[in-house]
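Colleague: So that we are looking at the same thing, I have put the structure below in structure tokens.
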Amino acid sequence: MTDQELRDLVGSLALDTQALKTQIATSQAEAAKRDEDLAKERKKTERMLRELGKQIGGLGNKFGLFTEGIAMPSVARLLFKRFGVEDFAVGRQKSMGADTIELDALGVVNGSRMEAYIVEVKSNLRSQDIAQLHSIIPRFRAMFPKYAAYKVFGVLAVSKANENALREAWQEGFYVIGFKNHLMRFREPEGFEAKVF
């Protein structure tokens, strides 16, 4: 190889190296632009998902209110008939300091029996609903000292419940009121005894 050919080769390599550097820089700029565009799209998607979550939550709340509206007259009638409830109040809420308790409904039998029926209405009974009612009962006595000496019972009024959820509620000693043949009625296995809290 002659000196001239070597110089031409080195010059050609230098040009190729410069072209490669330019191509790499262009590719990096394009990649950075794509990353920026993807980040914008990701933020937009996250924003849309948050909004969708709010909308779904809103539908869930509306369905819950709808369930309460449909269930309460039947629940009141069933508690009056079966337990002789004298007072039935929907939407009991009380605050003491930083603590607040909200009951979907409360049925009370005064006199010698002194019983309180805490009602929670759920569209679809789940384990966390049973746990929620369980957590309300001890707070109920503290928040409503008027009923401290009363026997307290838990009642779950539900639109829908699978067999596992029903068994769990019964094992915890809660009454369950649900739909059967398009009517709300007590649903309990033979020999069921509610727990007195």
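The chains in the structure tokens are called A, B, ... from first to last as shown; in each chain the residues are counted from 1, and the ligands are counted from 1 in the order shown.
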Report as JSON, numbers by chain all protein, DNA and RNA residues lying within 9 Å of A:Arg167, evaluated on only C-alpha atoms, omitting residues in the same chain fewer than 5 positions from it.

Modeller: {"A": [162, 172, 188, 189]}

Colleague: Which residues come within 8 Å of stretch 135-152 of chain A, counting only C-alpha atoms, excluding same-chain residues fewer than 5 positions away, as a list of chain:residue names?

Modeller: A:Lys94, A:Ser95, A:Met96, A:Ile101, A:Met114, A:Glu115, A:Ala116, A:Tyr117, A:Ile118, A:Val196, A:Phe197

Colleague: Enter the distance from atom CA of A:Phe88 to atom CA of A:Thr100, in Å, rounded to one decimal.

Modeller: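 Answer for the atom CA of A:Phe88 to atom CA of A:Thr100 separation: 20.2 Å.
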
Colleague: Using only C-alpha atoms, pick whichever of A:Ala32, A:Val108, A:Ala157, A:Ala89 has the shortest atom-to-atom distance to A:Ala71.

Modeller: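 Selected residue with least distance to A:Ala71: A:Ala157.
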
Colleague: Residues of stretch 41-175 of chain A in alpha helix (DSSP H) according to DSSP, as number ranges by chain?

Modeller: A: 41-83, 127-143, 163-171

Colleague: How far is it from atom CA of A:Leu103 to atom CA of A:Arg187, in Å with one decimal?

Modeller: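 Computing the Euclidean distance for atom CA of A:Leu103 and atom CA of A:Arg187 yields 21.1 Å.
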